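**Student:** The following block contains the structure, expressed as structure tokens.
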There are 4 protein chains.
Amino acid sequence: MSGSLNRVMLIGNLGRDPEIRSTQDGNKIANLSIATSDTWKDRNSGERRERTEWHRVVIFNEHFVDVCEKFLRKGSKVYLEGQLATRKWTDQQGNDKYSTEVVLQKYRGELTMLDGRSEGQQGGSGDYGGPERHSGNHQGSGSFGASFGQGNDLDDEIGF
Amino acid sequence: MSGSLNRVMLIGNLGRDPEIRSTQDGNKIANLSIATSDTWKDRNSGERRERTEWHRVVIFNEHFVDVCEKFLRKGSKVYLEGQLATRKWTDQQGNDKYSTEVVLQKYRGELTMLDGRSEGQQGGSGDYGGPERHSGNHQGSGSFGASFGQGNDLDDEIGF
Amino acid sequence: MSGSLNRVMLIGNLGRDPEIRSTQDGNKIANLSIATSDTWKDRNSGERRERTEWHRVVIFNEHFVDVCEKFLRKGSKVYLEGQLATRKWTDQQGNDKYSTEVVLQKYRGELTMLDGRSEGQQGGSGDYGGPERHSGNHQGSGSFGASFGQGNDLDDEIGF
Amino acid sequence: MSGSLNRVMLIGNLGRDPEIRSTQDGNKIANLSIATSDTWKDRNSGERRERTEWHRVVIFNEHFVDVCEKFLRKGSKVYLEGQLATRKWTDQQGNDKYSTEVVLQKYRGELTMLDGRSEGQQGGSGDYGGPERHSGNHQGSGSFGASFGQGNDLDDEIGF
DNA sequence: TTTT
DNA sequence: TTTT
């Protein structure tokens, strides 16, 4: 469909170290658990309240998988952009389960480190559109931030 | 926590008419089912492919509940902004279920009609800047984090 | 610098047909004039007021230049994403002038038609990734993606 | 007009301390100068290049003016959201000038501090410590719709 | 004028 | 379940 936008933008902190794994076709994927938090004052009690929301993030964009692996750790603060995708799966008991995730498709999305970790600098962004994966599309997905080739070293790709 | 952002922006179409219901404390809530869609060409097969994503939207913002009720119908195209929230619930069998929704909290979020449906025009949300300055606008831009009034009725604040 | 975001998102209408021109290095550029509009009720007078804001948009992203040329016309409604850039120039009298524009760099940004103009259909999405095509950088923004396509030659350029 | 969006989102650093001033009607206004920066590798020369963009930000939202005054300083990193507005003015020579600014209208926009300045002072040590120190929190900055303090009840109405 |  |  045209005229469609599916965009999620988060600023939050990693609740644990990134989990990096490989698919059988040789692609690396990163999973992040990101916390965002809302604070507000209860209208009745006047109490200050806070709610933390946890977001499952799945990264297929190779450049950003590298960034995760090299620079992000539990506690890192990031800005990221992706799209919403709900996935159905079946648990051991055979029950249908649904999981909604923030997905950074190949060649798309955005990931920026917001705290100056000594162990590394945030690289630029990558833009990697793999044929095999990306329900991607423009809308929404386009990768903001793009670029940096494919098959380059991170060194080449990282900004600065 | 501060220093946090949790934002979803969608442009899509309603898969069915809005569902409006009331809570026991007298607030109206609207539920929308919004489709966004990605289209791409398979890099290997060259085939054109498409994936539709369905988004559950829950609206607590009274003004936008009104907009839903009055102007939106199955098929309407909208721009909307909200935040991600995952809710846990238990089904009849006692299984834990999680549902991730795009939420427009009271006084927050954005909802704009993008097609000029004959049955109505989208109204706006309010804009309260001082008269002297604000190119402000409502919909479309509406404000995240912003708000409406201050003890005013929605009527006064709503554009239109 | 990393940890930076420069993003503009507009939904508005073209005030005139797109202007397409070529640079001496053979690249085509499109210029758009986009109107967004704020409506609000004056708090003191209670009057309904409206302010239209005009945005100068400059498109270096080749795909979107094509989209402009083929599908957009005066009055078209679009969603677009780019970054802010301020350019200095000198008028005939030798005065310094500054112009702030919304820029869609090569391989970046987003442009989606929101009204189904008869002269063109918006089609699928594009995925521009090719290593050679990345001057990209991250925060920049460019979103990738978009597209249109569907039976026209644009389609060939898309996705690959 | 409806169906319109005029949104700017920036993550950047203040080039100088916020400038706070009052209008004759007793409202306080803050002006910020925010730098964002793009880094990329020149495709031909292979050189790393960088371009810094400066953004003029004008804040009418009282809550955020307070945040600026209390917590922001030259060098502070912020996330902010506003809308584009171009203003015409005349210089001493009588020449027409235009200035495009990112405006946070009253009751609108967003401003969040992204570096945990303990008391809005710059300086501090360069120790970023371990990840666990980053649960963020800098108290103070209104994050994401969070409140509109300043002694009105808006504070109470917000949240969920 | 910031920042890395 | 929408839309093109």
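Going by the structure tokens order, chains are called A, B, ..., each with residues numbered from 1, while ligands are numbered from 1 in the order shown.
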Env of Ile34 (chain D): 8 Å cut, atoms = only C-alpha atoms (C1' of nucleotides), seq-sep filter 3 positions within chain, self excluded. Answer as a PyMOL selection string.
**Tutor:** (chain D and resi 12-15+54-57) or (chain E and resi 2)
**Student:** Could you please tell me, as an NGL selection string, which residues of chain A have an atom within 6 Å of chain D when using only C-alpha atoms?
**Tutor:** :A and (40-41 or 43 or 74-76 or 159)
**Student:** Can those selected residues be exported to a file as an mmCIF file, in the first residue's frame so that it contains N, CA and C atoms?
**Tutor:**
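Ended up saving to out-v9.cif:
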```cif
data_model
loop_
_atom_site.group_PDB
_atom_site.id
_atom_site.type_symbol
_atom_site.label_atom_id
_atom_site.label_comp_id
_atom_site.auth_asym_id
_atom_site.auth_seq_id
_atom_site.Cartn_x
_atom_site.Cartn_y
_atom_site.Cartn_z
ATOM 1 N N TRP A 40 4.622 10.901 35.862
ATOM 2 C CA TRP A 40 3.508 11.850 35.916
ATOM 3 C C TRP A 40 2.997 11.956 37.356
ATOM 4 N N LYS A 41 2.149 12.920 37.562
ATOM 5 C CA LYS A 41 1.610 13.125 38.890
ATOM 6 C C LYS A 41 0.175 12.615 38.899
ATOM 7 N N ARG A 43 -3.508 12.321 39.415
ATOM 8 C CA ARG A 43 -4.444 13.421 39.541
ATOM 9 C C ARG A 43 -5.206 13.405 40.851
ATOM 10 N N LYS A 74 24.646 -3.136 28.507
ATOM 11 C CA LYS A 74 23.603 -2.887 29.489
ATOM 12 C C LYS A 74 23.778 -1.465 30.021
ATOM 13 N N GLY A 75 22.737 -0.736 30.021
ATOM 14 C CA GLY A 75 22.816 0.620 30.532
ATOM 15 C C GLY A 75 23.033 1.690 29.474
ATOM 16 N N SER A 76 23.538 1.300 28.325
ATOM 17 C CA SER A 76 23.772 2.295 27.262
ATOM 18 C C SER A 76 22.476 3.024 26.922
ATOM 19 N N GLY A 159 31.105 6.918 11.182
ATOM 20 C CA GLY A 159 31.365 8.326 11.001
ATOM 21 C C GLY A 159 32.467 8.649 11.950
#
```
**Student:** Near Pro18 (chain B), counting only C-alpha atoms (C1' of nucleotides), which residues have an atom at most 9 Å away, once you skip same-chain residues fewer than 4 positions from it, shown as an mmCIF file with all heavy atoms, in the first residue's frame?
**Tutor:**
```cif
data_model
loop_
_atom_site.group_PDB
_atom_site.id
_atom_site.type_symbol
_atom_site.label_atom_id
_atom_site.label_comp_id
_atom_site.auth_asym_id
_atom_site.auth_seq_id
_atom_site.Cartn_x
_atom_site.Cartn_y
_atom_site.Cartn_z
ATOM 1 N N LEU B 14 -8.006 2.551 8.564
ATOM 2 C CA LEU B 14 -8.767 1.777 9.548
ATOM 3 C C LEU B 14 -9.331 0.516 8.888
ATOM 4 O O LEU B 14 -10.007 0.597 7.860
ATOM 5 C CB LEU B 14 -9.939 2.597 10.088
ATOM 6 C CG LEU B 14 -9.649 3.545 11.255
ATOM 7 C CD1 LEU B 14 -8.799 4.727 10.779
ATOM 8 C CD2 LEU B 14 -10.926 4.044 11.893
ATOM 9 N N ALA B 30 -11.549 4.960 22.641
ATOM 10 C CA ALA B 30 -11.726 4.446 21.276
ATOM 11 C C ALA B 30 -10.642 3.429 20.958
ATOM 12 O O ALA B 30 -9.492 3.582 21.373
ATOM 13 C CB ALA B 30 -11.674 5.588 20.266
ATOM 14 N N ASN B 31 -11.021 2.393 20.263
ATOM 15 C CA ASN B 31 -10.058 1.411 19.768
ATOM 16 C C ASN B 31 -10.087 1.428 18.252
ATOM 17 O O ASN B 31 -11.149 1.374 17.634
ATOM 18 C CB ASN B 31 -10.414 0.002 20.250
ATOM 19 C CG ASN B 31 -9.979 -0.225 21.688
ATOM 20 O OD1 ASN B 31 -8.872 -0.655 21.945
ATOM 21 N ND2 ASN B 31 -10.843 0.113 22.625
ATOM 22 N N LEU B 32 -8.888 1.517 17.689
ATOM 23 C CA LEU B 32 -8.771 1.486 16.246
ATOM 24 C C LEU B 32 -7.887 0.314 15.834
ATOM 25 O O LEU B 32 -6.988 -0.091 16.559
ATOM 26 C CB LEU B 32 -8.104 2.773 15.719
ATOM 27 C CG LEU B 32 -8.735 4.111 16.073
ATOM 28 C CD1 LEU B 32 -7.910 5.243 15.460
ATOM 29 C CD2 LEU B 32 -10.171 4.178 15.610
ATOM 30 N N SER B 33 -8.158 -0.176 14.666
ATOM 31 C CA SER B 33 -7.301 -1.176 14.054
ATOM 32 C C SER B 33 -6.776 -0.545 12.766
ATOM 33 O O SER B 33 -7.541 -0.242 11.862
ATOM 34 C CB SER B 33 -8.112 -2.440 13.744
ATOM 35 O OG SER B 33 -7.284 -3.437 13.206
ATOM 36 N N CYS B 68 -12.759 10.253 16.490
ATOM 37 C CA CYS B 68 -13.004 8.889 15.998
ATOM 38 C C CYS B 68 -14.493 8.656 15.797
ATOM 39 O O CYS B 68 -14.928 8.137 14.765
ATOM 40 C CB CYS B 68 -12.500 7.856 17.000
ATOM 41 S SG CYS B 68 -10.718 7.787 17.111
ATOM 42 N N GLU B 69 -15.221 9.043 16.824
ATOM 43 C CA GLU B 69 -16.653 8.791 16.808
ATOM 44 C C GLU B 69 -17.332 9.542 15.666
ATOM 45 O O GLU B 69 -18.206 9.007 14.981
ATOM 46 C CB GLU B 69 -17.233 9.243 18.151
ATOM 47 C CG GLU B 69 -18.516 8.591 18.517
ATOM 48 C CD GLU B 69 -18.859 8.808 19.999
ATOM 49 O OE1 GLU B 69 -18.219 9.689 20.656
ATOM 50 O OE2 GLU B 69 -19.767 8.115 20.501
ATOM 51 N N LEU B 72 -14.309 9.190 11.807
ATOM 52 C CA LEU B 72 -13.578 8.056 11.240
ATOM 53 C C LEU B 72 -14.469 6.855 10.998
ATOM 54 O O LEU B 72 -15.401 6.575 11.753
ATOM 55 C CB LEU B 72 -12.411 7.665 12.154
ATOM 56 C CG LEU B 72 -11.382 8.761 12.436
ATOM 57 C CD1 LEU B 72 -10.209 8.185 13.225
ATOM 58 C CD2 LEU B 72 -10.893 9.398 11.155
ATOM 59 N N ARG B 73 -14.159 6.163 9.933
ATOM 60 C CA ARG B 73 -14.905 4.963 9.569
ATOM 61 C C ARG B 73 -13.919 3.947 9.017
ATOM 62 O O ARG B 73 -12.784 4.289 8.697
ATOM 63 C CB ARG B 73 -15.939 5.278 8.470
ATOM 64 C CG ARG B 73 -17.026 6.245 8.858
ATOM 65 C CD ARG B 73 -17.963 5.652 9.909
ATOM 66 N NE ARG B 73 -18.950 6.644 10.359
ATOM 67 C CZ ARG B 73 -18.762 7.433 11.426
ATOM 68 N NH1 ARG B 73 -17.662 7.358 12.137
ATOM 69 N NH2 ARG B 73 -19.712 8.285 11.772
ATOM 70 N N LYS B 74 -14.371 2.763 8.878
ATOM 71 C CA LYS B 74 -13.606 1.746 8.182
ATOM 72 C C LYS B 74 -13.099 2.325 6.862
ATOM 73 O O LYS B 74 -13.855 2.937 6.124
ATOM 74 C CB LYS B 74 -14.528 0.554 7.894
ATOM 75 C CG LYS B 74 -13.946 -0.546 7.069
ATOM 76 C CD LYS B 74 -14.977 -1.669 6.956
ATOM 77 C CE LYS B 74 -14.494 -2.784 6.051
ATOM 78 N NZ LYS B 74 -15.495 -3.889 6.000
#
```
**Student:** I need the residues in region 12-70 of chain A that are alpha helix (DSSP H) according to DSSP; give them as an NGL selection string.
**Tutor:** :A and (62-70)
**Student:** The selected residues should be written to file as a PDB file, in the first residue's frame (atoms: C-alpha atoms).
**Tutor:**
```
ATOM      1  CA  GLU A  62      24.017  -5.258   9.585  1.00  0.00           C
ATOM      2  CA  HIS A  63      25.684  -2.027  10.345  1.00  0.00           C
ATOM      3  CA  PHE A  64      23.649  -1.570  13.465  1.00  0.00           C
ATOM      4  CA  VAL A  65      24.207  -5.134  14.548  1.00  0.00           C
ATOM      5  CA  ASP A  66      27.893  -4.277  14.481  1.00  0.00           C
ATOM      6  CA  VAL A  67      27.296  -1.140  16.468  1.00  0.00           C
ATOM      7  CA  CYS A  68      25.418  -3.165  19.061  1.00  0.00           C
ATOM      8  CA  GLU A  69      28.141  -5.724  19.288  1.00  0.00           C
ATOM      9  CA  LYS A  70      30.964  -3.291  19.571  1.00  0.00           C
TER      10      LYS A  70
END
```
**Student:** If you count only C-alpha atoms (C1' of nucleotides), which residues fall within 12 Å of Trp89 (chain C), apart from same-chain ones fewer than 5 positions away, as a list in words?
**Tutor:**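 So the residues in contact are Gly94, Asn95, Asp96, Lys97, Tyr98, Ser99 and Thr100 of chain C.
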**Student:** Could you write those residues out with C-alpha atoms, as a compact mmCIF listing (two decimals), in the first residue's frame?
**Tutor:**
```
# COMPACT_ATOMS: atom_id res chain seq x y z
CA GLY C 94 25.44 41.99 -2.23
CA ASN C 95 23.45 41.41 0.91
CA ASP C 96 23.91 38.23 2.84
CA LYS C 97 20.81 36.13 2.84
CA TYR C 98 20.03 32.91 4.60
CA SER C 99 17.57 30.33 3.54
CA THR C 100 16.53 27.40 5.68
```
**Student:** Any idea what the distance is between CA of Thr86 (chain C) and CA of Lys28 (chain C)?
**Tutor:**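 Atom-to-atom, CA of Thr86 (chain C) to CA of Lys28 (chain C), that is 20.3 Å.
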**Student:** Using only C-alpha atoms (C1' of nucleotides), which of the listed residues (D:Thr52, D:Asn44, D:Thr112, D:Gln105) sits closest to DT1 (chain E)?
**Tutor:**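 Ranked by minimum distance to DT1 (chain E), first place goes to D:Thr52.
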**Student:** Need to verify the contact set: Leu84 (chain C), 7 Å, only C-alpha atoms (C1' of nucleotides), exclusion of same-chain residues closer than 3 positions in sequence. Can you return it as a list of chain:residue names?
**Tutor:**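 Neighbouring residues, sequence-local ones excluded: C:Asn6, C:Arg7, C:Val8, C:Thr100, C:Glu101, C:Val102, C:Val103.
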**Student:** In Å to one decimal, how far is CA of Tyr107 (chain D) from CA of Gly26 (chain D)?
**Tutor:**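 Computing the Euclidean distance for CA of Gly26 (chain D) and CA of Tyr107 (chain D) yields 16.3 Å.
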